[in-house]
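Below is one structure; the comments refer to it alone.
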There are 2 protein chains.
Amino acid sequence: MTTTSPQGRTELLRPDGSPVRVLVVDDELSITELLSMALRYEGWQIRSAGDGQAAIRSARDFRPDAVVLDMMLPDMDGLSVLGRLRRELPEVPVLFLTAKDAVEDRIAGLTAGGDDYVTKPFSLEEVVARLRGLIRRSGAADRRSDSVLVVGDLTLDEDSHEVSRAGENIHLTATEFELLRFLMRNPRRVLSKAQILDRVWSYDFGGQANVVELYISYLRRKIDAGREPMIHTRRGAGYLIKPAVS
Amino acid sequence: MTTTSPQGRTELLRPDGSPVRVLVVDDELSITELLSMALRYEGWQIRSAGDGQAAIRSARDFRPDAVVLDMMLPDMDGLSVLGRLRRELPEVPVLFLTAKDAVEDRIAGLTAGGDDYVTKPFSLEEVVARLRGLIRRSGAADRRSDSVLVVGDLTLDEDSHEVSRAGENIHLTATEFELLRFLMRNPRRVLSKAQILDRVWSYDFGGQANVVELYISYLRRKIDAGREPMIHTRRGAGYLIKPAVS
DNA sequence: TGCGGTTCTCAGAAAAATCACAGACTCCGG
DNA sequence: CCGGAGTCTGTGATTTTTCTGAGAACCGCA
């Protein structure tokens, strides 16, 4: 089931109307904090665990709809945590967190079953997007919810990565796409450059806030070109997107 | 009976509408995990067993519509498991997992009865495809479900392995076929190179994402040659297939 | 109107992703 | 044993994307 929040954002809900529950498993406190905050922002219920033992326990009584699992835990390796997790919750989809270089051998194959993974360092938008995909596909949330974001005559398909305005197809690069996705998931809401940087770029990105301005200008050139502008600057506050005729 | 999942994929269902049940028997945890995940993704109900004893027990009360059976188990050899399995479930089709070199004599006879086998290491697409075939032929699921994938004017028959575009027959190698099958089972959806690698290549394939690019280029040469392209690159995201006129 | 801070845009360097091609290796049938 | 088909690796060329730095433009306010 989907519902629309006062902010105009569409949330995933379980069939009974209660919020989706996500369990976050990572031994670095800074990571669980970061993720918990970002995922709560989605309107989801979050619980976190710092090691495999706690994860299994939480799985049992929290009964999450999805799990975020770091593959490098102190007490037991990710695969055995996964095994015991599956015994508790056979159907639950898992999003793996893994180091960039460790991908090949250990993770290969894990994503095949419809699970997914992201490499550290990740961007929060990435994590949220993939989790949404997993939850949507798992059927925990209403299957009718589809993967298309719409704001005014602007359309973004998260599956095919296609974007169009007023029917006209628009090509975006990967970063542009993620930025627009973030804006469109928060229509009519001012997003600060810091927020955008945190969400769209990796959490360890060392660069300047200048990139945000730059990519906003790229987007404008492609989205607003000639038309009524949808992307607006709020001086000293940030940016927002909203339907052109408002 | 067939139904269409949110991904637009056609699922096998039993006559009473409940999902198909598959029992996975293997002593390596990583293999049962891998298979369980992949098969759940197909919308099937999975139970797994780590040895022959557990397999027999599960067969009795889970009553699967198909069994995946590793021929090398610790406590008893595959043949005796098979024998006792047949006593419980005379009709159930079995997919044997076997080492590459052990195939010849022993398996050859077994598959005569309508069963099938794949050699380790296998690719998940292969296992899923063969299981679908077994289940379909066994009559556990509705026979009307057919085995032809269609995207635009492109057609792929999972049974005969025939591929054609705009009526013209196209010869594909085994790997090309599996890659195209995976793409066509997920039309209009971006598939990352990692996803493709996980699904189409063997689970222990250690190679580079380079092969995916290579095989995409092979496919393009055969599928898209001269025509409106159906295979598209989403730089930084992956590849997708969709009807040419869109 | 002039000022200070903010935002926008440009241009180019650096990095990354993709594609193309050639060669090695294996398997299989004659 | 040979030859062909199929697979995969490695290497470069090519294209695209990302990011930095600097100056121009803009805005709100005194």
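Identifiers in this document derive from the order of the structure tokens: chains are assigned A, B, ..., residues are numbered from 1 separately in each chain, and ligands are numbered from 1 in order of occurrence.
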At most 9 Å to chain C: residues in chain B, only C-alpha atoms (C1' of nucleotides), as a CSV table (one decimal) with N, CA and C atoms, in the first residue's frame:
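And here is the file that came out, part.csv:
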```csv
chain,number,residue,atom,x,y,z
B,213,GLU,N,30.5,-6.7,-20.8
B,213,GLU,CA,30.6,-5.8,-22.0
B,213,GLU,C,30.8,-6.5,-23.3
B,214,LEU,N,31.7,-7.5,-23.2
B,214,LEU,CA,32.0,-8.2,-24.4
B,214,LEU,C,30.8,-8.9,-25.0
B,217,SER,N,28.2,-6.8,-26.5
B,217,SER,CA,28.6,-6.3,-27.8
B,217,SER,C,28.3,-7.4,-28.8
B,233,THR,N,22.7,1.1,-23.4
B,233,THR,CA,23.6,1.3,-22.3
B,233,THR,C,23.1,2.4,-21.4
B,235,ARG,N,25.0,4.4,-19.0
B,235,ARG,CA,26.3,4.6,-18.4
B,235,ARG,C,26.3,4.8,-16.9
B,236,GLY,N,27.2,4.1,-16.2
B,236,GLY,CA,27.2,4.2,-14.8
B,236,GLY,C,26.1,3.4,-14.1
```
- Contact set, chain A to chain D: 10 Å, only C-alpha atoms (C1' of nucleotides), as a PyMOL selection string: chain A and resi 173-175+207-208+210-211+214+235
After a least-squares superposition on chain B using every in-order C-alpha pair, I'd like chain A written out as a PDB file with C-alpha atoms, in the first residue's frame.
```pdb
ATOM      1  CA  MET A   1      -1.262 -21.355 -14.505  1.00  0.00           C
ATOM      2  CA  THR A   2       0.786 -18.358 -15.360  1.00  0.00           C
ATOM      3  CA  THR A   3       0.496 -14.819 -14.182  1.00  0.00           C
ATOM      4  CA  THR A   4       2.387 -11.685 -14.892  1.00  0.00           C
ATOM      5  CA  SER A   5       4.152  -9.954 -12.076  1.00  0.00           C
ATOM      6  CA  PRO A   6       4.346  -6.185 -11.735  1.00  0.00           C
ATOM      7  CA  GLN A   7       7.820  -6.386 -13.166  1.00  0.00           C
ATOM      8  CA  GLY A   8       6.428  -7.978 -16.284  1.00  0.00           C
ATOM      9  CA  ARG A   9       7.922 -11.360 -15.573  1.00  0.00           C
ATOM     10  CA  THR A  10       5.831 -14.461 -16.100  1.00  0.00           C
ATOM     11  CA  GLU A  11       5.714 -16.723 -13.100  1.00  0.00           C
ATOM     12  CA  LEU A  12       4.827 -20.330 -12.719  1.00  0.00           C
ATOM     13  CA  LEU A  13       2.000 -20.927 -10.333  1.00  0.00           C
ATOM     14  CA  ARG A  14       0.301 -24.093  -9.178  1.00  0.00           C
ATOM     15  CA  PRO A  15      -3.267 -24.771 -10.232  1.00  0.00           C
ATOM     16  CA  ASP A  16      -4.598 -23.299  -7.005  1.00  0.00           C
ATOM     17  CA  GLY A  17      -2.678 -20.068  -7.552  1.00  0.00           C
ATOM     18  CA  SER A  18      -0.132 -20.598  -4.818  1.00  0.00           C
ATOM     19  CA  PRO A  19       3.561 -20.301  -5.671  1.00  0.00           C
ATOM     20  CA  VAL A  20       5.590 -23.268  -6.773  1.00  0.00           C
ATOM     21  CA  ARG A  21       7.569 -24.962  -3.990  1.00  0.00           C
ATOM     22  CA  VAL A  22      11.127 -26.166  -4.417  1.00  0.00           C
ATOM     23  CA  LEU A  23      13.234 -28.171  -1.990  1.00  0.00           C
ATOM     24  CA  VAL A  24      17.006 -27.640  -2.166  1.00  0.00           C
ATOM     25  CA  VAL A  25      19.224 -30.391  -0.795  1.00  0.00           C
ATOM     26  CA  ASP A  26      22.955 -29.748  -0.455  1.00  0.00           C
ATOM     27  CA  ASP A  27      25.421 -30.006   2.392  1.00  0.00           C
ATOM     28  CA  GLU A  28      27.395 -26.901   1.479  1.00  0.00           C
ATOM     29  CA  LEU A  29      25.728 -23.958   3.116  1.00  0.00           C
ATOM     30  CA  SER A  30      27.092 -21.556   0.537  1.00  0.00           C
ATOM     31  CA  ILE A  31      25.381 -23.481  -2.209  1.00  0.00           C
ATOM     32  CA  THR A  32      22.002 -23.734  -0.547  1.00  0.00           C
ATOM     33  CA  GLU A  33      22.200 -20.033   0.261  1.00  0.00           C
ATOM     34  CA  LEU A  34      23.056 -19.144  -3.293  1.00  0.00           C
ATOM     35  CA  LEU A  35      20.330 -21.307  -4.741  1.00  0.00           C
ATOM     36  CA  SER A  36      17.686 -20.286  -2.254  1.00  0.00           C
ATOM     37  CA  MET A  37      18.266 -16.665  -3.034  1.00  0.00           C
ATOM     38  CA  ALA A  38      18.169 -17.152  -6.766  1.00  0.00           C
ATOM     39  CA  LEU A  39      15.072 -19.315  -6.660  1.00  0.00           C
ATOM     40  CA  ARG A  40      13.201 -17.025  -4.296  1.00  0.00           C
ATOM     41  CA  TYR A  41      13.908 -14.329  -6.801  1.00  0.00           C
ATOM     42  CA  GLU A  42      11.818 -16.380  -9.213  1.00  0.00           C
ATOM     43  CA  GLY A  43       8.900 -16.029  -6.876  1.00  0.00           C
ATOM     44  CA  TRP A  44       9.106 -19.614  -5.701  1.00  0.00           C
ATOM     45  CA  GLN A  45       8.869 -20.890  -2.172  1.00  0.00           C
ATOM     46  CA  ILE A  46      12.094 -22.508  -1.082  1.00  0.00           C
ATOM     47  CA  ARG A  47      13.062 -24.831   1.698  1.00  0.00           C
ATOM     48  CA  SER A  48      16.525 -26.277   2.077  1.00  0.00           C
ATOM     49  CA  ALA A  49      18.027 -29.346   3.709  1.00  0.00           C
ATOM     50  CA  GLY A  50      21.669 -30.083   4.511  1.00  0.00           C
ATOM     51  CA  ASP A  51      21.528 -33.871   4.509  1.00  0.00           C
ATOM     52  CA  GLY A  52      19.450 -36.810   3.394  1.00  0.00           C
ATOM     53  CA  GLN A  53      17.576 -37.230   6.670  1.00  0.00           C
ATOM     54  CA  ALA A  54      16.422 -33.645   6.654  1.00  0.00           C
ATOM     55  CA  ALA A  55      15.553 -33.902   2.990  1.00  0.00           C
ATOM     56  CA  ILE A  56      13.163 -36.790   3.555  1.00  0.00           C
ATOM     57  CA  ARG A  57      11.565 -35.000   6.472  1.00  0.00           C
ATOM     58  CA  SER A  58      11.120 -31.827   4.454  1.00  0.00           C
ATOM     59  CA  ALA A  59       9.716 -33.704   1.524  1.00  0.00           C
ATOM     60  CA  ARG A  60       7.064 -35.152   3.781  1.00  0.00           C
ATOM     61  CA  ASP A  61       5.671 -31.935   5.156  1.00  0.00           C
ATOM     62  CA  PHE A  62       6.751 -29.323   2.625  1.00  0.00           C
ATOM     63  CA  ARG A  63       5.564 -31.361  -0.367  1.00  0.00           C
ATOM     64  CA  PRO A  64       7.620 -29.536  -2.973  1.00  0.00           C
ATOM     65  CA  ASP A  65       6.829 -29.427  -6.687  1.00  0.00           C
ATOM     66  CA  ALA A  66      10.463 -29.978  -7.546  1.00  0.00           C
ATOM     67  CA  VAL A  67      13.672 -30.954  -5.771  1.00  0.00           C
ATOM     68  CA  VAL A  68      17.261 -29.851  -6.323  1.00  0.00           C
ATOM     69  CA  LEU A  69      19.452 -32.676  -5.064  1.00  0.00           C
ATOM     70  CA  ASP A  70      23.207 -32.744  -4.637  1.00  0.00           C
ATOM     71  CA  MET A  71      24.423 -36.234  -5.400  1.00  0.00           C
ATOM     72  CA  MET A  72      27.203 -36.094  -2.841  1.00  0.00           C
ATOM     73  CA  LEU A  73      25.722 -35.844   0.630  1.00  0.00           C
ATOM     74  CA  PRO A  74      27.504 -36.681   3.874  1.00  0.00           C
ATOM     75  CA  ASP A  75      25.084 -39.142   5.451  1.00  0.00           C
ATOM     76  CA  MET A  76      23.763 -41.204   2.575  1.00  0.00           C
ATOM     77  CA  ASP A  77      24.414 -41.333  -1.095  1.00  0.00           C
ATOM     78  CA  GLY A  78      22.239 -39.527  -3.545  1.00  0.00           C
ATOM     79  CA  LEU A  79      20.615 -42.625  -4.942  1.00  0.00           C
ATOM     80  CA  SER A  80      19.146 -43.799  -1.647  1.00  0.00           C
ATOM     81  CA  VAL A  81      17.953 -40.304  -0.853  1.00  0.00           C
ATOM     82  CA  LEU A  82      16.323 -40.347  -4.235  1.00  0.00           C
ATOM     83  CA  GLY A  83      14.709 -43.687  -3.534  1.00  0.00           C
ATOM     84  CA  ARG A  84      13.161 -42.553  -0.271  1.00  0.00           C
ATOM     85  CA  LEU A  85      12.197 -39.248  -1.820  1.00  0.00           C
ATOM     86  CA  ARG A  86      10.314 -41.091  -4.503  1.00  0.00           C
ATOM     87  CA  ARG A  87       8.453 -43.080  -1.933  1.00  0.00           C
ATOM     88  CA  GLU A  88       7.190 -39.840  -0.410  1.00  0.00           C
ATOM     89  CA  LEU A  89       6.629 -37.992  -3.676  1.00  0.00           C
ATOM     90  CA  PRO A  90       6.463 -40.362  -6.625  1.00  0.00           C
ATOM     91  CA  GLU A  91       5.816 -37.707  -9.220  1.00  0.00           C
ATOM     92  CA  VAL A  92       8.168 -34.944  -8.215  1.00  0.00           C
ATOM     93  CA  PRO A  93      10.856 -34.053 -10.758  1.00  0.00           C
ATOM     94  CA  VAL A  94      14.430 -33.847  -9.539  1.00  0.00           C
ATOM     95  CA  LEU A  95      17.311 -31.677 -10.672  1.00  0.00           C
ATOM     96  CA  PHE A  96      20.601 -33.327  -9.783  1.00  0.00           C
ATOM     97  CA  LEU A  97      23.728 -31.392  -8.907  1.00  0.00           C
ATOM     98  CA  THR A  98      26.926 -33.235  -9.632  1.00  0.00           C
ATOM     99  CA  ALA A  99      30.622 -32.744 -10.087  1.00  0.00           C
ATOM    100  CA  LYS A 100      31.730 -32.385 -13.651  1.00  0.00           C
ATOM    101  CA  ASP A 101      33.739 -35.593 -13.766  1.00  0.00           C
ATOM    102  CA  ALA A 102      31.333 -37.775 -11.830  1.00  0.00           C
ATOM    103  CA  VAL A 103      28.722 -37.504 -14.503  1.00  0.00           C
ATOM    104  CA  GLU A 104      29.397 -40.493 -16.632  1.00  0.00           C
ATOM    105  CA  ASP A 105      28.636 -43.548 -14.564  1.00  0.00           C
ATOM    106  CA  ARG A 106      26.577 -42.438 -11.604  1.00  0.00           C
ATOM    107  CA  ILE A 107      24.310 -39.907 -13.200  1.00  0.00           C
ATOM    108  CA  ALA A 108      23.958 -41.550 -16.542  1.00  0.00           C
ATOM    109  CA  GLY A 109      20.456 -42.826 -16.721  1.00  0.00           C
ATOM    110  CA  LEU A 110      19.064 -40.654 -13.985  1.00  0.00           C
ATOM    111  CA  THR A 111      18.107 -37.878 -16.319  1.00  0.00           C
ATOM    112  CA  ALA A 112      16.321 -40.280 -18.563  1.00  0.00           C
ATOM    113  CA  GLY A 113      13.040 -40.271 -16.754  1.00  0.00           C
ATOM    114  CA  GLY A 114      12.470 -36.638 -17.452  1.00  0.00           C
ATOM    115  CA  ASP A 115      14.613 -35.512 -14.585  1.00  0.00           C
ATOM    116  CA  ASP A 116      17.634 -33.422 -15.351  1.00  0.00           C
ATOM    117  CA  TYR A 117      21.000 -32.442 -13.974  1.00  0.00           C
ATOM    118  CA  VAL A 118      23.578 -29.683 -13.975  1.00  0.00           C
ATOM    119  CA  THR A 119      27.256 -30.011 -13.200  1.00  0.00           C
ATOM    120  CA  LYS A 120      29.098 -27.961 -10.610  1.00  0.00           C
ATOM    121  CA  PRO A 121      30.046 -25.254 -11.004  1.00  0.00           C
ATOM    122  CA  PHE A 122      26.782 -24.166 -12.533  1.00  0.00           C
ATOM    123  CA  SER A 123      25.344 -20.845 -13.549  1.00  0.00           C
ATOM    124  CA  LEU A 124      22.162 -19.797 -11.846  1.00  0.00           C
ATOM    125  CA  GLU A 125      20.454 -19.134 -15.136  1.00  0.00           C
ATOM    126  CA  GLU A 126      21.121 -22.724 -16.032  1.00  0.00           C
ATOM    127  CA  VAL A 127      19.614 -24.022 -12.821  1.00  0.00           C
ATOM    128  CA  VAL A 128      16.583 -21.792 -13.058  1.00  0.00           C
ATOM    129  CA  ALA A 129      15.991 -22.633 -16.686  1.00  0.00           C
ATOM    130  CA  ARG A 130      16.177 -26.354 -16.093  1.00  0.00           C
ATOM    131  CA  LEU A 131      13.981 -26.204 -13.038  1.00  0.00           C
ATOM    132  CA  ARG A 132      11.379 -24.260 -14.982  1.00  0.00           C
ATOM    133  CA  GLY A 133      11.489 -26.877 -17.684  1.00  0.00           C
ATOM    134  CA  LEU A 134      11.056 -29.692 -15.188  1.00  0.00           C
ATOM    135  CA  ILE A 135       8.191 -28.005 -13.392  1.00  0.00           C
ATOM    136  CA  ARG A 136       6.476 -27.089 -16.605  1.00  0.00           C
ATOM    137  CA  ARG A 137       6.704 -30.601 -17.956  1.00  0.00           C
ATOM    138  CA  SER A 138       5.713 -32.256 -14.683  1.00  0.00           C
ATOM    139  CA  GLY A 139       2.327 -30.670 -14.891  1.00  0.00           C
ATOM    140  CA  ALA A 140       2.537 -29.198 -11.389  1.00  0.00           C
ATOM    141  CA  ALA A 141       2.101 -25.873 -13.099  1.00  0.00           C
ATOM    142  CA  ASP A 142      -0.294 -25.112 -15.852  1.00  0.00           C
ATOM    143  CA  ARG A 143       0.563 -27.007 -18.981  1.00  0.00           C
ATOM    144  CA  ARG A 144      -0.567 -24.216 -21.203  1.00  0.00           C
ATOM    145  CA  SER A 145       2.393 -22.139 -20.202  1.00  0.00           C
ATOM    146  CA  ASP A 146       4.781 -22.460 -23.060  1.00  0.00           C
ATOM    147  CA  SER A 147       8.459 -22.018 -23.424  1.00  0.00           C
ATOM    148  CA  VAL A 148       8.626 -18.869 -25.508  1.00  0.00           C
ATOM    149  CA  LEU A 149       9.765 -15.529 -24.149  1.00  0.00           C
ATOM    150  CA  VAL A 150       8.513 -12.471 -25.995  1.00  0.00           C
ATOM    151  CA  VAL A 151       9.601  -8.856 -25.655  1.00  0.00           C
ATOM    152  CA  GLY A 152       8.305  -6.552 -28.353  1.00  0.00           C
ATOM    153  CA  ASP A 153       9.055  -8.150 -31.696  1.00  0.00           C
ATOM    154  CA  LEU A 154      11.835 -10.218 -30.180  1.00  0.00           C
ATOM    155  CA  THR A 155      11.197 -13.882 -29.513  1.00  0.00           C
ATOM    156  CA  LEU A 156      13.218 -16.565 -27.725  1.00  0.00           C
ATOM    157  CA  ASP A 157      12.222 -20.227 -27.595  1.00  0.00           C
ATOM    158  CA  GLU A 158      13.748 -22.031 -24.644  1.00  0.00           C
ATOM    159  CA  ASP A 159      13.021 -25.468 -26.110  1.00  0.00           C
ATOM    160  CA  SER A 160      14.405 -25.104 -29.597  1.00  0.00           C
ATOM    161  CA  HIS A 161      16.875 -22.378 -28.625  1.00  0.00           C
ATOM    162  CA  GLU A 162      15.619 -20.294 -31.512  1.00  0.00           C
ATOM    163  CA  VAL A 163      15.677 -16.509 -31.458  1.00  0.00           C
ATOM    164  CA  SER A 164      14.069 -14.167 -33.914  1.00  0.00           C
ATOM    165  CA  ARG A 165      13.381 -10.478 -34.251  1.00  0.00           C
ATOM    166  CA  ALA A 166      10.574  -9.212 -36.469  1.00  0.00           C
ATOM    167  CA  GLY A 167      10.283 -12.692 -37.894  1.00  0.00           C
ATOM    168  CA  GLU A 168      13.892 -12.859 -38.913  1.00  0.00           C
ATOM    169  CA  ASN A 169      15.885 -15.737 -37.474  1.00  0.00           C
ATOM    170  CA  ILE A 170      18.998 -14.891 -35.482  1.00  0.00           C
ATOM    171  CA  HIS A 171      21.837 -17.218 -34.618  1.00  0.00           C
ATOM    172  CA  LEU A 172      23.263 -16.900 -31.102  1.00  0.00           C
ATOM    173  CA  THR A 173      26.080 -18.752 -29.380  1.00  0.00           C
ATOM    174  CA  ALA A 174      25.376 -20.561 -26.126  1.00  0.00           C
ATOM    175  CA  THR A 175      26.573 -17.703 -23.928  1.00  0.00           C
ATOM    176  CA  GLU A 176      24.801 -15.068 -25.954  1.00  0.00           C
ATOM    177  CA  PHE A 177      21.641 -17.126 -25.672  1.00  0.00           C
ATOM    178  CA  GLU A 178      21.841 -17.344 -21.900  1.00  0.00           C
ATOM    179  CA  LEU A 179      22.524 -13.658 -21.557  1.00  0.00           C
ATOM    180  CA  LEU A 180      19.577 -12.747 -23.734  1.00  0.00           C
ATOM    181  CA  ARG A 181      17.376 -15.177 -21.862  1.00  0.00           C
ATOM    182  CA  PHE A 182      18.255 -13.473 -18.616  1.00  0.00           C
ATOM    183  CA  LEU A 183      17.557 -10.036 -20.033  1.00  0.00           C
ATOM    184  CA  MET A 184      14.266 -11.118 -21.548  1.00  0.00           C
ATOM    185  CA  ARG A 185      13.103 -12.716 -18.371  1.00  0.00           C
ATOM    186  CA  ASN A 186      13.537  -9.334 -16.731  1.00  0.00           C
ATOM    187  CA  PRO A 187      12.278  -6.865 -19.297  1.00  0.00           C
ATOM    188  CA  ARG A 188      12.347  -3.155 -18.453  1.00  0.00           C
ATOM    189  CA  ARG A 189      14.436  -3.886 -15.409  1.00  0.00           C
ATOM    190  CA  VAL A 190      18.005  -2.679 -15.013  1.00  0.00           C
ATOM    191  CA  LEU A 191      20.377  -5.557 -14.403  1.00  0.00           C
ATOM    192  CA  SER A 192      23.796  -4.741 -13.017  1.00  0.00           C
ATOM    193  CA  LYS A 193      26.913  -6.244 -14.476  1.00  0.00           C
ATOM    194  CA  ALA A 194      27.463  -8.055 -11.190  1.00  0.00           C
ATOM    195  CA  GLN A 195      23.987  -9.563 -11.345  1.00  0.00           C
ATOM    196  CA  ILE A 196      24.504 -10.647 -14.896  1.00  0.00           C
ATOM    197  CA  LEU A 197      27.877 -12.138 -14.117  1.00  0.00           C
ATOM    198  CA  ASP A 198      26.419 -14.050 -11.189  1.00  0.00           C
ATOM    199  CA  ARG A 199      23.541 -15.356 -13.200  1.00  0.00           C
ATOM    200  CA  VAL A 200      24.860 -16.120 -16.611  1.00  0.00           C
ATOM    201  CA  TRP A 201      28.416 -17.177 -15.844  1.00  0.00           C
ATOM    202  CA  SER A 202      29.365 -20.008 -13.461  1.00  0.00           C
ATOM    203  CA  TYR A 203      29.470 -18.994  -9.860  1.00  0.00           C
ATOM    204  CA  ASP A 204      33.193 -19.541  -9.684  1.00  0.00           C
ATOM    205  CA  PHE A 205      33.989 -17.560 -12.794  1.00  0.00           C
ATOM    206  CA  GLY A 206      37.059 -15.506 -12.018  1.00  0.00           C
ATOM    207  CA  GLY A 207      36.969 -13.172 -14.974  1.00  0.00           C
ATOM    208  CA  GLN A 208      36.355  -9.496 -15.366  1.00  0.00           C
ATOM    209  CA  ALA A 209      33.112  -7.610 -15.708  1.00  0.00           C
ATOM    210  CA  ASN A 210      34.447  -6.780 -19.132  1.00  0.00           C
ATOM    211  CA  VAL A 211      32.951  -9.933 -20.591  1.00  0.00           C
ATOM    212  CA  VAL A 212      29.493  -8.663 -19.872  1.00  0.00           C
ATOM    213  CA  GLU A 213      30.157  -5.521 -21.867  1.00  0.00           C
ATOM    214  CA  LEU A 214      31.628  -7.607 -24.605  1.00  0.00           C
ATOM    215  CA  TYR A 215      28.669  -9.941 -24.836  1.00  0.00           C
ATOM    216  CA  ILE A 216      26.213  -7.078 -24.654  1.00  0.00           C
ATOM    217  CA  SER A 217      27.950  -5.652 -27.667  1.00  0.00           C
ATOM    218  CA  TYR A 218      27.751  -8.995 -29.460  1.00  0.00           C
ATOM    219  CA  LEU A 219      24.040  -9.151 -28.727  1.00  0.00           C
ATOM    220  CA  ARG A 220      23.475  -5.628 -29.956  1.00  0.00           C
ATOM    221  CA  ARG A 221      25.180  -6.432 -33.181  1.00  0.00           C
ATOM    222  CA  LYS A 222      22.815  -9.336 -33.733  1.00  0.00           C
ATOM    223  CA  ILE A 223      19.601  -8.132 -32.112  1.00  0.00           C
ATOM    224  CA  ASP A 224      19.621  -4.412 -32.666  1.00  0.00           C
ATOM    225  CA  ALA A 225      21.618  -4.267 -35.908  1.00  0.00           C
ATOM    226  CA  GLY A 226      20.124  -1.454 -37.932  1.00  0.00           C
ATOM    227  CA  ARG A 227      16.834  -1.579 -36.055  1.00  0.00           C
ATOM    228  CA  GLU A 228      15.424   0.449 -33.191  1.00  0.00           C
ATOM    229  CA  PRO A 229      17.575  -0.588 -30.233  1.00  0.00           C
ATOM    230  CA  MET A 230      16.036  -2.754 -27.536  1.00  0.00           C
ATOM    231  CA  ILE A 231      19.099  -3.143 -25.346  1.00  0.00           C
ATOM    232  CA  HIS A 232      19.906   0.004 -23.383  1.00  0.00           C
ATOM    233  CA  THR A 233      22.787   1.056 -21.167  1.00  0.00           C
ATOM    234  CA  ARG A 234      22.091   2.750 -17.861  1.00  0.00           C
ATOM    235  CA  ARG A 235      25.422   4.283 -17.117  1.00  0.00           C
ATOM    236  CA  GLY A 236      26.695   3.328 -13.688  1.00  0.00           C
ATOM    237  CA  ALA A 237      23.793   0.944 -13.148  1.00  0.00           C
ATOM    238  CA  GLY A 238      23.652  -1.749 -15.784  1.00  0.00           C
ATOM    239  CA  TYR A 239      21.653  -2.812 -18.802  1.00  0.00           C
ATOM    240  CA  LEU A 240      18.028  -3.428 -19.623  1.00  0.00           C
ATOM    241  CA  ILE A 241      15.936  -4.691 -22.473  1.00  0.00           C
ATOM    242  CA  LYS A 242      12.534  -3.377 -23.510  1.00  0.00           C
ATOM    243  CA  PRO A 243      10.313  -3.229 -26.577  1.00  0.00           C
ATOM    244  CA  ALA A 244      11.612  -0.825 -29.184  1.00  0.00           C
ATOM    245  CA  VAL A 245       8.522   1.347 -29.468  1.00  0.00           C
ATOM    246  CA  SER A 246       7.897   2.403 -25.911  1.00  0.00           C
TER     247      SER A 246
END
```
- Message: If you run DSSP on the backbone here, which positions in stretch 59-102 of chain B get strand (DSSP E or B)? Please write them as a count of residues only.
- Response: 11
- Message: Let's see if you can do this: from backbone DSSP, list all alpha helix (DSSP H) residues in stretch 8-235 of chain B, as a PyMOL selection string.
- Response: chain B and resi 29-41+52-62+78-88+104-110+124-138+174-185+193-200+210-219
